[in-house]
$ cat work_1.csv   # CSV, C-alpha atoms and all ligand atoms
chain,number,residue,atom,x,y,z
A,1,MET,CA,-182.6,-3.3,-83.0
A,2,SER,CA,-182.4,-0.3,-85.4
A,3,LYS,CA,-185.7,1.5,-86.1
A,4,ILE,CA,-184.5,2.9,-89.4
A,5,THR,CA,-186.1,1.2,-92.4
A,6,PRO,CA,-184.0,0.3,-95.5
A,7,GLU,CA,-185.9,3.0,-97.5
A,8,GLN,CA,-184.9,5.6,-94.9
A,9,ALA,CA,-181.3,4.4,-94.9
A,10,ILE,CA,-181.2,4.7,-98.7
A,11,GLN,CA,-182.6,8.3,-98.5
A,12,SER,CA,-179.9,9.3,-96.0
A,13,LEU,CA,-177.1,8.3,-98.4
A,14,PRO,CA,-175.2,11.1,-100.0
A,15,GLU,CA,-176.1,12.1,-103.5
A,16,PRO,CA,-173.9,10.5,-106.2
A,17,THR,CA,-171.1,12.7,-107.4
A,18,HIS,CA,-171.2,13.4,-111.1
A,19,LEU,CA,-168.1,13.9,-113.2
A,20,SER,CA,-169.4,17.4,-114.1
A,21,ASP,CA,-169.4,18.3,-110.4
A,22,ILE,CA,-165.6,17.8,-110.1
A,23,ASN,CA,-163.0,20.5,-110.9
A,24,LEU,CA,-160.6,18.3,-112.8
A,25,TRP,CA,-157.6,20.7,-112.6
A,26,GLU,CA,-157.9,21.0,-108.9
A,27,SER,CA,-158.3,17.2,-108.5
A,28,ILE,CA,-155.2,16.5,-110.5
A,29,GLN,CA,-153.2,18.8,-108.2
A,30,GLU,CA,-154.4,17.2,-105.0
A,31,HIS,CA,-152.6,14.1,-103.5
A,32,VAL,CA,-150.0,14.0,-106.3
A,33,HIS,CA,-148.0,11.4,-104.4
A,34,ASN,CA,-150.9,9.0,-104.4
A,35,LYS,CA,-151.3,9.3,-108.2
A,36,LEU,CA,-147.6,9.2,-108.9
A,37,VAL,CA,-146.4,6.2,-106.8
A,38,HIS,CA,-147.9,3.6,-109.1
A,39,PHE,CA,-145.1,4.4,-111.6
A,40,PRO,CA,-142.0,3.7,-109.6
A,41,PHE,CA,-143.7,0.8,-108.0
A,42,ALA,CA,-144.9,-1.0,-111.1
A,43,LEU,CA,-141.9,0.1,-113.3
A,44,GLY,CA,-139.4,-1.0,-110.6
A,45,LEU,CA,-141.0,-4.5,-110.4
A,46,LEU,CA,-141.2,-4.7,-114.2
A,47,ALA,CA,-137.5,-3.8,-114.5
A,48,CYS,CA,-136.7,-6.6,-112.0
A,49,LEU,CA,-138.7,-9.1,-114.0
A,50,PHE,CA,-137.1,-8.0,-117.3
A,51,TRP,CA,-133.6,-8.2,-115.8
A,52,LEU,CA,-134.3,-11.8,-114.7
A,53,LEU,CA,-135.7,-12.7,-118.1
A,54,SER,CA,-132.7,-11.3,-119.8
A,55,PHE,CA,-130.6,-14.2,-118.5
A,56,LYS,CA,-132.5,-16.5,-121.0
A,57,GLN,CA,-133.4,-13.9,-123.6
A,58,PRO,CA,-130.8,-11.0,-123.9
A,59,GLU,CA,-133.2,-8.9,-125.9
A,60,PHE,CA,-134.9,-8.0,-122.5
A,61,GLN,CA,-131.8,-6.2,-121.3
A,62,ASN,CA,-132.3,-2.9,-123.1
A,63,PRO,CA,-136.0,-2.5,-122.2
A,64,ALA,CA,-135.0,-3.5,-118.6
A,65,LYS,CA,-132.4,-0.7,-118.5
A,66,LEU,CA,-134.8,1.9,-119.8
A,67,ILE,CA,-137.6,0.9,-117.4
A,68,LEU,CA,-135.3,1.0,-114.4
A,69,VAL,CA,-134.2,4.6,-115.3
A,70,LEU,CA,-137.9,5.6,-115.7
A,71,SER,CA,-138.7,4.0,-112.4
A,72,ALA,CA,-135.8,5.9,-110.7
A,73,THR,CA,-137.0,9.2,-112.2
A,74,THR,CA,-140.6,8.7,-111.0
A,75,GLY,CA,-139.2,7.4,-107.7
A,76,LEU,CA,-137.4,10.7,-107.2
A,77,LEU,CA,-140.7,12.6,-107.8
A,78,ALA,CA,-142.5,10.2,-105.5
A,79,VAL,CA,-140.1,11.0,-102.7
A,80,ILE,CA,-140.4,14.8,-103.3
A,81,THR,CA,-144.3,14.6,-103.4
A,82,GLY,CA,-144.3,12.3,-100.4
A,83,GLU,CA,-142.3,14.8,-98.3
A,84,ASN,CA,-144.9,17.4,-99.2
A,85,GLN,CA,-147.7,15.3,-98.0
A,86,LYS,CA,-146.3,13.9,-94.7
A,87,GLN,CA,-147.4,16.9,-92.5
A,88,VAL,CA,-150.9,15.6,-92.0
A,89,PHE,CA,-149.6,12.4,-90.4
A,90,GLN,CA,-147.1,14.1,-88.1
A,91,ASP,CA,-149.4,14.4,-85.1
A,92,SER,CA,-151.6,11.4,-85.8
A,93,SER,CA,-151.7,7.8,-84.6
A,94,LEU,CA,-150.0,6.8,-87.9
A,95,VAL,CA,-146.8,8.8,-87.3
A,96,GLU,CA,-144.7,5.7,-86.8
A,97,ILE,CA,-146.0,4.0,-89.9
A,98,MET,CA,-145.3,7.2,-91.8
A,99,GLN,CA,-141.7,7.3,-90.5
A,100,TRP,CA,-141.1,3.6,-91.6
A,101,HIS,CA,-142.8,4.4,-94.9
A,102,GLU,CA,-140.5,7.4,-95.4
A,103,ARG,CA,-137.4,5.3,-94.5
A,104,SER,CA,-138.3,2.5,-96.9
A,105,GLY,CA,-139.2,5.0,-99.5
A,106,PHE,CA,-135.8,6.6,-99.3
A,107,PHE,CA,-134.2,3.1,-99.4
A,108,SER,CA,-136.2,2.2,-102.5
A,109,LEU,CA,-135.1,5.4,-104.2
A,110,PHE,CA,-131.5,4.6,-103.2
A,111,LEU,CA,-131.7,1.2,-104.8
A,112,LEU,CA,-133.4,2.6,-107.9
A,113,LEU,CA,-130.8,5.2,-108.4
A,114,THR,CA,-127.9,2.9,-107.7
A,115,GLY,CA,-129.3,0.3,-110.1
A,116,SER,CA,-129.9,2.8,-112.8
A,117,VAL,CA,-126.2,3.6,-112.9
A,118,TRP,CA,-124.7,0.2,-112.0
A,119,GLN,CA,-126.8,-1.7,-114.6
A,120,TRP,CA,-124.5,-0.2,-117.4
A,121,PHE,CA,-121.5,-2.1,-115.9
A,122,GLN,CA,-120.8,-5.8,-116.4
A,123,SER,CA,-120.5,-6.5,-112.7
A,124,PHE,CA,-124.2,-5.8,-112.2
A,125,ARG,CA,-125.1,-9.1,-113.8
A,126,LYS,CA,-123.3,-11.0,-111.0
A,127,PHE,CA,-125.5,-9.4,-108.4
A,128,ILE,CA,-128.8,-9.3,-110.2
A,129,TRP,CA,-130.5,-11.9,-107.9
A,130,VAL,CA,-129.5,-10.0,-104.8
A,131,TYR,CA,-130.5,-6.6,-106.3
A,132,VAL,CA,-133.8,-7.9,-107.6
A,133,GLY,CA,-134.6,-9.5,-104.2
A,134,LEU,CA,-133.8,-6.3,-102.3
A,135,MET,CA,-135.6,-4.1,-104.8
A,136,ALA,CA,-138.8,-6.2,-104.9
A,137,PHE,CA,-138.9,-6.4,-101.1
A,138,SER,CA,-138.2,-2.7,-100.6
A,139,LEU,CA,-140.9,-1.6,-103.1
A,140,LEU,CA,-143.5,-4.0,-101.8
A,141,PHE,CA,-142.8,-3.0,-98.2
A,142,THR,CA,-142.9,0.7,-99.1
A,143,GLY,CA,-146.2,0.3,-101.0
A,144,PHE,CA,-147.8,-1.8,-98.2
A,145,LEU,CA,-147.0,0.9,-95.6
A,146,GLY,CA,-148.1,3.7,-98.0
A,147,GLY,CA,-151.4,1.8,-98.4
A,148,LEU,CA,-151.8,1.6,-94.6
A,149,LEU,CA,-151.3,5.4,-94.4
A,150,SER,CA,-153.8,6.2,-97.1
A,151,HIS,CA,-156.5,3.7,-96.2
A,152,SER,CA,-156.3,3.4,-92.4
A,153,HIS,CA,-158.6,5.4,-90.1
A,154,LEU,CA,-156.7,8.6,-89.2
A,155,GLU,CA,-157.1,10.0,-85.6
A,156,PRO,CA,-155.2,12.5,-83.5
A,157,VAL,CA,-152.4,10.9,-81.5
A,158,ASN,CA,-154.0,11.8,-78.1
A,159,GLU,CA,-157.2,9.9,-78.9
A,160,SER,CA,-155.4,6.7,-79.9
A,161,GLN,CA,-153.5,6.9,-76.6
A,162,ASN,CA,-156.7,7.3,-74.6
A,163,GLN,CA,-158.1,4.3,-76.5
A,164,GLN,CA,-155.1,2.1,-75.7
A,165,ALA,CA,-155.3,3.1,-72.0
A,166,SER,CA,-159.0,2.1,-71.8
A,167,PHE,CA,-158.4,-1.5,-73.1
A,201,LIG,C1,-140.2,5.3,-104.0
A,201,LIG,C2,-140.8,5.9,-102.9
A,201,LIG,C3,-142.2,5.7,-102.5
A,201,LIG,C4,-143.2,4.9,-102.9
A,201,LIG,C5,-143.1,3.8,-104.0
A,201,LIG,C6,-144.4,5.2,-102.1
A,201,LIG,C7,-145.6,4.6,-102.2
A,201,LIG,C8,-146.8,5.0,-101.6
A,201,LIG,C9,-148.0,4.3,-101.8
A,201,LIG,C10,-148.3,3.1,-102.7
A,201,LIG,C11,-149.0,5.0,-101.1
A,201,LIG,C12,-150.5,4.7,-101.0
A,201,LIG,C13,-151.2,5.5,-102.1
A,201,LIG,C14,-152.6,5.2,-102.2
A,201,LIG,O1,-153.1,4.2,-101.7
A,201,LIG,O2,-153.4,6.1,-102.7
A,201,LIG,C15,-148.2,6.1,-100.4
A,201,LIG,C16,-148.8,7.0,-99.5
A,201,LIG,C17,-148.1,8.0,-98.8
A,201,LIG,N1,-146.7,8.2,-98.9
A,201,LIG,FE1,-145.4,7.2,-100.1
A,201,LIG,N2,-144.1,6.3,-101.3
A,201,LIG,C18,-142.8,6.6,-101.4
A,201,LIG,C19,-142.0,7.5,-100.8
A,201,LIG,C20,-142.5,8.3,-99.8
A,201,LIG,C21,-141.8,9.2,-99.0
A,201,LIG,C22,-140.2,9.5,-99.0
A,201,LIG,C23,-142.6,9.9,-98.1
A,201,LIG,C24,-142.3,10.9,-97.1
A,201,LIG,C25,-142.8,10.9,-95.9
A,201,LIG,C26,-144.0,9.4,-98.4
A,201,LIG,C27,-145.2,9.8,-97.8
A,201,LIG,C28,-146.4,9.3,-98.1
A,201,LIG,C29,-147.6,9.7,-97.4
A,201,LIG,C30,-147.7,10.9,-96.5
A,201,LIG,C31,-148.7,8.9,-97.9
A,201,LIG,C32,-150.2,9.1,-97.6
A,201,LIG,C33,-150.8,10.0,-98.5
A,201,LIG,C34,-152.3,10.2,-98.2
A,201,LIG,O3,-153.1,9.3,-98.6
A,201,LIG,O4,-152.6,11.3,-97.7
A,201,LIG,N3,-143.9,8.4,-99.4
A,201,LIG,N4,-146.9,6.0,-100.7

$ encode --input "work_1.csv" --output "structure tokens" --more "lines below"
Ligand code: HEM
Amino acid sequence: MSKITPEQAIQSLPEPTHLSDINLWESIQEHVHNKLVHFPFALGLLACLFWLLSFKQPEFQNPAKLILVLSATTGLLAVITGENQKQVFQDSSLVEIMQWHERSGFFSLFLLLTGSVWQWFQSFRKFIWVYVGLMAFSLLFTGFLGGLLSHSHLEPVNESQNQQASF
């Protein structure tokens, strides 16, 4: 049974951070990948949806093309910023997740770039279902693994090996 009272527990909590305490310029420059990845992810899925809708309503086609190009552009930036942030995971227990995230990130970028060019040709329409399926799966898988990296408990690789040995 803990001897700490709720009042003591509340007192030991850290002081709330105020917006005025934050150096906004420094914060914007930190973890750029985490801020940026929402764009290729959301825009890529939106482009897929618009391409499917364009079968029934052709007016969706031009927005779909533009959105796919924007997704590929931000995807390229996501890969560059991701490469800059991977070092911290290199010697951690999450190294394998990081490597799979990297591979699926590169694959997503490959699909985004290929689609951005191919969509201007008539043959793309025949393969839209396959493309959309692959694209959606790849983006969701990449995002899921990225979320694991960002929100899992990070520990040095030796500690996690010791823990496994003691099970
Ligand atoms: C289109 C490509 C990519 C997408 C959509 C993507 C998506 C994501 C997402 C959603 C997160 C979690 C962000 C958060 O919850 O704040 C993440 C984290 C991360 N990604 Fe990516 N990623 C991509 C490519 C890459 C590549 C090529 C690498 C290279 C290794 C990479 C390295 C990382 C790292 C190191 C983190 C963890 C950052 C941290 O919290 O310290 N990503 N990514």

$ closest_residue --input "work_1.csv" --among "A:Gln99, A:Ser104, A:Ser71, A:Ser150" --to "ligand LIG 201 (chain A)" --atoms "only C-alpha atoms and all ligand atoms"
A:Ser150

$ atom_distance --input "work_1.csv" --atom1 "CA of Leu139 in chain A" --atom2 "CA of Lys65 in chain A"
17.6 Å

$ atom_distance --input "work_1.csv" --atom1 "CA of His101 in chain A" --atom2 "atom C29 of ligand LIG 201 (chain A)"
7.6 Å

$ closest_atom_pairs --input "work_1.csv" --of "chain A" --to "ligand LIG 201 (chain A)" --cutoff "8 Å" --atoms "only C-alpha atoms and all ligand atoms" --output "CSV"
residue,atom,partner,partner_atom,distance
A:His31,CA,A:LIG201,O4,6.4
A:His33,CA,A:LIG201,N1,6.5
A:Asn34,CA,A:LIG201,O2,4.2
A:Lys35,CA,A:LIG201,O2,6.7
A:Val37,CA,A:LIG201,C7,4.9
A:His38,CA,A:LIG201,C10,6.4
A:Phe39,CA,A:LIG201,C5,7.9
A:Pro40,CA,A:LIG201,C5,5.7
A:Phe41,CA,A:LIG201,C5,5.0
A:Thr74,CA,A:LIG201,C1,7.8
A:Gly75,CA,A:LIG201,C1,4.4
A:Leu76,CA,A:LIG201,C1,6.9
A:Ala78,CA,A:LIG201,C2,5.3
A:Val79,CA,A:LIG201,C22,4.0
A:Ile80,CA,A:LIG201,C22,6.8
A:Thr81,CA,A:LIG201,C26,7.2
A:Gly82,CA,A:LIG201,C26,3.5
A:Glu83,CA,A:LIG201,C24,4.1
A:Asn84,CA,A:LIG201,C24,7.3
A:Gln85,CA,A:LIG201,C30,4.6
A:Lys86,CA,A:LIG201,C30,3.8
A:Gln87,CA,A:LIG201,C30,7.2
A:Val88,CA,A:LIG201,C30,7.3
A:Phe89,CA,A:LIG201,C30,6.6
A:Met98,CA,A:LIG201,C25,6.1
A:Gln99,CA,A:LIG201,C25,6.6
A:His101,CA,A:LIG201,N3,6.1
A:Glu102,CA,A:LIG201,C22,4.2
A:Arg103,CA,A:LIG201,C22,6.8
A:Ser104,CA,A:LIG201,C2,7.3
A:Gly105,CA,A:LIG201,C2,3.9
A:Phe106,CA,A:LIG201,C22,5.3
A:Phe107,CA,A:LIG201,C1,7.9
A:Ser108,CA,A:LIG201,C1,5.3
A:Leu109,CA,A:LIG201,C1,5.1
A:Leu139,CA,A:LIG201,C5,5.9
A:Thr142,CA,A:LIG201,C6,5.6
A:Gly143,CA,A:LIG201,C10,3.9
A:Phe144,CA,A:LIG201,C10,6.7
A:Leu145,CA,A:LIG201,C9,7.1
A:Gly146,CA,A:LIG201,C15,3.4
A:Gly147,CA,A:LIG201,C12,4.0
A:Leu148,CA,A:LIG201,C12,7.2
A:Leu149,CA,A:LIG201,C32,5.0
A:Ser150,CA,A:LIG201,O3,3.5
A:His151,CA,A:LIG201,O1,6.5

$ atom_distance --input "work_1.csv" --atom1 "CA of Ser138 in chain A" --atom2 "CA of Leu112 in chain A"
10.2 Å

$ closest_atom_pairs --input "work_1.csv" --of "range 123-158 of chain A" --to "range 113-116 of chain A" --cutoff "12 Å" --atoms "all atoms listed in the file" --output "Markdown table"
| residue | atom | partner | partner_atom | distance |
| --- | --- | --- | --- | --- |
| A:Ser123 | CA | A:Gly115 | CA | 11.4 |
| A:Phe124 | CA | A:Gly115 | CA | 8.2 |
| A:Arg125 | CA | A:Gly115 | CA | 10.9 |
| A:Phe127 | CA | A:Gly115 | CA | 10.6 |
| A:Ile128 | CA | A:Gly115 | CA | 9.6 |
| A:Val130 | CA | A:Gly115 | CA | 11.6 |
| A:Tyr131 | CA | A:Gly115 | CA | 8.0 |
| A:Val132 | CA | A:Gly115 | CA | 9.7 |
| A:Leu134 | CA | A:Gly115 | CA | 11.2 |
| A:Met135 | CA | A:Gly115 | CA | 9.3 |

$ residues_around --input "work_1.csv" --residues "Pro63 in chain A" --least-positions-apart "4" --cutoff "9 Å" --atoms "only C-alpha atoms" --output "ChimeraX atom specification"
/A:47,50-51,59,67-68

$ axis_aligned_box --input "work_1.csv" --around "range 83-89 of chain A" --padding-each-side "3 Å" --output "JSON"
{"center_x": -146.6, "center_y": 14.9, "center_z": -94.8, "size_x": 14.6, "size_y": 11.0, "size_z": 14.8}

$ closest_residue --input "work_1.csv" --among "A:Leu45, A:Val95, A:Leu52, A:Ala9" --to "Pro156 in chain A" --atoms "all atoms listed in the file"
A:Val95
